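Enquirer: Have a look at the structure that comes next, please.
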Amino acid sequence: MPKYKRLGDILVSEGILTEEQLNDAIALQKKEGGKLGEVLVKLGYVSEEQIVIALSRQLLIPYVSLASGKLRPAADQNLEDIIPYNFAIHNLILPLSRNLNSLTVVMFDPLDLMLLDNLKKLTGCEINAVVAIKADIMNAIDSFYGKEKIFRDAIGAVGEDGGTLQEISSLETDLSLDKLVAQAEEAPIVKLVDLIIRQAIEEKASDIHVEPQHNKVVLRYRIDGILYEIPSPSPSVYAALTSRIKILSKMDIAEKRLPQDGGFMVKIGERLIDLRVSSLPTIYGEKIVLRILDKSRVPLDLAKLGFLPQELEMIRKGIASSYGLVLLTGPTGSGKSTTLYAALSEIKSSTLNILTVEDPVEFRLEGINQVQVKSEIGLTFANALRCFLRQDPDIILVGEVRDLETAEISIRSALTGHLVLSTLHTNDAVSTITRLMDIGIPGYLVMSGLRLIVAQRLLRKLCPHCKEPYEIQKGELFRGAELQSSVVYKAKGCDKCNFIGYKGRTVTAEVILIDEDLRDAVHKGLQPPELMKIAQKKGTLSLLAGGLKRVEEGVTSIEEVLSAATAY
């Protein structure tokens, strides 16, 4: 049996690691346990790729790079039938090729002798292992087996009759995704719901749509603001699928004529994720929408939302005040709530009493007193605000200014020594002023109470792995806004972004910090265009101009800015 050189010695001899770093890692390994390679990566001394390459040299096992997509499993050998998807993803095994009784597989841990033995028994083949990075193996498995096939397998397991409501109603109503995996063989419909939710979370979807149509059911995920259709089950599965979701959401499964709202929580590892569920009766049946509220995905940090430095400075100055009204405006889905939560996270303190009234409460924030609106029993925004004023508040967040009563109480609270944050639906920042006056608030009260206005839109970010540069004429005008760069980027699409060309979102905003010049202009009766010119002299950028700044930085595309910033 050959004598292998130790992993640490290989890394030291190749100059990747110092003796001191190796000794630190060994000491930590003895204290906490685990594999030396994992400890080294945790300490930041080496990368996972360096560990895998060193491991391949230590064990004389080839290292392969799957990231480029050039190395793929043989397409004509039915390898997906030899190693099923569930086995592959749970054990990080990717079959590459088969030659008679010999099967070549990509592994992350070639030292797992029990896994090698199980693999040999499963396939009836001698196993030849090569190694690769964990993330690359996971991506390659998804690419090879295909999400569509995974869905088809799960859907097929339900059977043509789709299961029955009686079978579903016997299942537990508290959903744990980990438990559902264990129950999958016993309850195919549970496995299907689990798969739909799990994949949506993995793909960072914000919503799941289950839509009955004529002779079919459509499943769609909203990713970065855009709805994408995914493989869908047959109509025979629809009743069981929607009933399962309604039971989990504590809805009445017998009531199909009226809209219902509900929700439940799932746990993946240490992450707790809320799902808010809405049902709507349509002519073909109930349409279900699940809103995914994954706090771990949302950067509740103003600095990470994508505001430009001058915008961030103005926002921080506005929320640092001990009193006044801060308003965020924009259409539904423009990120207003996220910005408000990030602002609260930045200014919260053990010395402050912070109260919020929301409909609904989207994220639970530690150290903040959050109230859910319940209009059916009289707990409205306005009534909650009145109660707040008897709770010795420092900062108040109102989910939305919907009517004159809520607007009046918000303004008066801001004028009596409280910092009030809320949202409003307007197309731009300066329209917020006229909107409040149209609701019925006198202009002098509006301008006395207002401290900060932020109008924002979300822009899809170009995928950093595949975006393509191209040249345009410097100084070119786009609807009045000038582009200062001659090289910009456009979307292309690759496996990192599911061939969409975009991945993630950022913000473009109009930020207005209210000062005496603006107050005087409103008192003189100047209209929004004139008010915007005054604000621009103070540093405010229009939504379009701010978006083009992101284009110049290579963050997004011209098409995305023109679509998002000029659509309203």
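Chain labels A, B, ... are given in the sequence in which chains occur in the structure tokens; within each chain residues are numbered consecutively from 1, and ligands are likewise numbered from 1 in the order shown.
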Hey, what does DSSP flag as strand (DSSP E or B) within stretch 333-397 of chain A? Can you give it to me as a PyMOL selection string?
Expert: chain A and resi 354-358+369-372+374+379+395-397
Enquirer: If we count only C-alpha atoms, what is near stretch 262-275 of chain A at a cut-off of 10 Å, once residues fewer than 3 positions away on the same chain are taken out, given as number ranges by chain?
Expert: A: 173-179, 194, 197-198, 201, 206-208, 245-252, 278-279, 289-297, 362-364
Enquirer: Skip A:Ser65 itself and residues of its chain fewer than 5 positions away, then list as JSON, numbers by chain all residues within 12 Å of it, counting only C-alpha atoms.
Expert: {"A": [49, 52, 53, 70, 71, 72, 106, 107, 108, 130, 131, 132, 133, 134, 135, 136, 137, 139, 140]}
Enquirer: Mind checking which residues fall within 12 Å of stretch 32-37 of chain A, counting only C-alpha atoms, ignoring those fewer than 6 positions away in the same chain, and posting them as number ranges by chain?
Expert: A: 6-11, 17, 21-26, 43-55, 108-109, 111
Enquirer: Fewer than 4 positions away in the same chain doesn't count, so skip those; otherwise give me all residues within 7 Å of A:Gly501, counting only C-alpha atoms, as a count of residues only.
Expert: 8
Enquirer: Excluding same-chain residues fewer than 3 positions from A:Tyr221, what lies within 7 Å of it counting only C-alpha atoms, as a PDB file with N, CA and C atoms, in the first residue's frame?
Expert:
ATOM      1  N   ALA A 200     -37.710  26.900  -4.944  1.00  0.00           N
ATOM      2  CA  ALA A 200     -37.949  28.348  -4.974  1.00  0.00           C
ATOM      3  C   ALA A 200     -36.984  29.078  -4.055  1.00  0.00           C
ATOM      4  N   ALA A 205     -36.247  32.915  -5.189  1.00  0.00           N
ATOM      5  CA  ALA A 205     -37.527  33.458  -5.642  1.00  0.00           C
ATOM      6  C   ALA A 205     -38.196  34.205  -4.495  1.00  0.00           C
ATOM      7  N   ASP A 207     -41.645  34.841  -4.753  1.00  0.00           N
ATOM      8  CA  ASP A 207     -43.025  34.361  -4.750  1.00  0.00           C
ATOM      9  C   ASP A 207     -43.140  33.067  -5.550  1.00  0.00           C
ATOM     10  N   ILE A 208     -44.087  32.234  -5.139  1.00  0.00           N
ATOM     11  CA  ILE A 208     -44.460  31.030  -5.884  1.00  0.00           C
ATOM     12  C   ILE A 208     -45.920  31.186  -6.294  1.00  0.00           C
ATOM     13  N   HIS A 209     -46.217  31.008  -7.586  1.00  0.00           N
ATOM     14  CA  HIS A 209     -47.587  31.101  -8.080  1.00  0.00           C
ATOM     15  C   HIS A 209     -48.073  29.721  -8.515  1.00  0.00           C
ATOM     16  N   LEU A 227     -41.504  36.989 -13.454  1.00  0.00           N
ATOM     17  CA  LEU A 227     -42.111  35.668 -13.307  1.00  0.00           C
ATOM     18  C   LEU A 227     -41.578  34.712 -14.367  1.00  0.00           C
ATOM     19  N   TYR A 228     -41.157  33.521 -13.921  1.00  0.00           N
ATOM     20  CA  TYR A 228     -40.658  32.484 -14.825  1.00  0.00           C
ATOM     21  C   TYR A 228     -41.470  31.211 -14.615  1.00  0.00           C
ATOM     22  N   GLU A 229     -41.948  30.635 -15.718  1.00  0.00           N
ATOM     23  CA  GLU A 229     -42.701  29.388 -15.627  1.00  0.00           C
ATOM     24  C   GLU A 229     -41.744  28.224 -15.427  1.00  0.00           C
TER      25      GLU A 229
END
Enquirer: Any idea what the distance is between atom CA of A:Leu344 and atom CA of A:Asn369?
Expert: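 That distance, rounded to one decimal, is 11.5 Å.
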Enquirer: Ranking A:Gly324, A:Leu424, A:Ala414, A:Gly367 by minimum distance to A:Ser337 and counting only C-alpha atoms, which one comes first?
Expert: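 Using only C-alpha atoms, A:Ser337 sits closest to A:Leu424.
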Enquirer: Would you please extract all helix (DSSP H, G or I) residues from stretch 292-464 of chain A, as assigned by DSSP on the backbone, and give them as a ChimeraX atom specification?
Expert: /A:295-297,302-304,309-319,336-347,375-377,381-388,404-415,431-439,443-449
Enquirer: Using only C-alpha atoms, which protein or nucleic acid residues come within 12 Å of A:Phe87? Drop anything in the same chain fewer than 5 positions from it, and give the result as number ranges by chain.
Expert: A: 80-82, 92-95, 115, 118-119, 122-123, 141, 145
Enquirer: So that I have them on file, write out the residues from the current selection with C-alpha atoms, as a PDB file, in the first residue's frame.
Expert:
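Just written: part-v9.pdb:
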ATOM      1  CA  GLU A  80     -29.044   9.178 -14.367  1.00  0.00           C
ATOM      2  CA  ASP A  81     -30.667   5.736 -14.135  1.00  0.00           C
ATOM      3  CA  ILE A  82     -27.534   4.158 -12.654  1.00  0.00           C
ATOM      4  CA  LEU A  92     -22.317  14.825  -3.821  1.00  0.00           C
ATOM      5  CA  ILE A  93     -21.673  12.196  -6.483  1.00  0.00           C
ATOM      6  CA  LEU A  94     -21.735  12.932 -10.222  1.00  0.00           C
ATOM      7  CA  PRO A  95     -21.417  10.026 -12.701  1.00  0.00           C
ATOM      8  CA  LEU A 115     -19.886   5.826   0.466  1.00  0.00           C
ATOM      9  CA  ASN A 118     -22.510   1.805  -1.056  1.00  0.00           C
ATOM     10  CA  LEU A 119     -21.909   3.184  -4.530  1.00  0.00           C
ATOM     11  CA  LEU A 122     -25.851   0.403  -5.893  1.00  0.00           C
ATOM     12  CA  THR A 123     -24.301   0.322  -9.352  1.00  0.00           C
ATOM     13  CA  ILE A 141     -25.664  17.645 -10.633  1.00  0.00           C
ATOM     14  CA  TYR A 145     -30.204  15.674 -13.947  1.00  0.00           C
TER      15      TYR A 145
END
Enquirer: State, in Å with one decimal place, the distance from atom CA of A:Leu352 to atom CA of A:Ile395.
Expert: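 Computing it gives 7.4 Å between the two atoms.
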Enquirer: When you count only C-alpha atoms, which of these residues is closest to A:Arg460: A:Val446, A:Val551, A:Ile411, A:Val193?
Expert: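 Looking only at the distances to A:Arg460, the closest residue turns out to be A:Val551.
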Enquirer: Between A:Glu510, A:Asn91, A:Lys533, A:Pro110, which has the minimum distance to A:Glu311 (counting only C-alpha atoms)?
Expert: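 Ranking A:Glu510, A:Asn91, A:Lys533, A:Pro110 by distance to A:Glu311, first place goes to A:Glu510.
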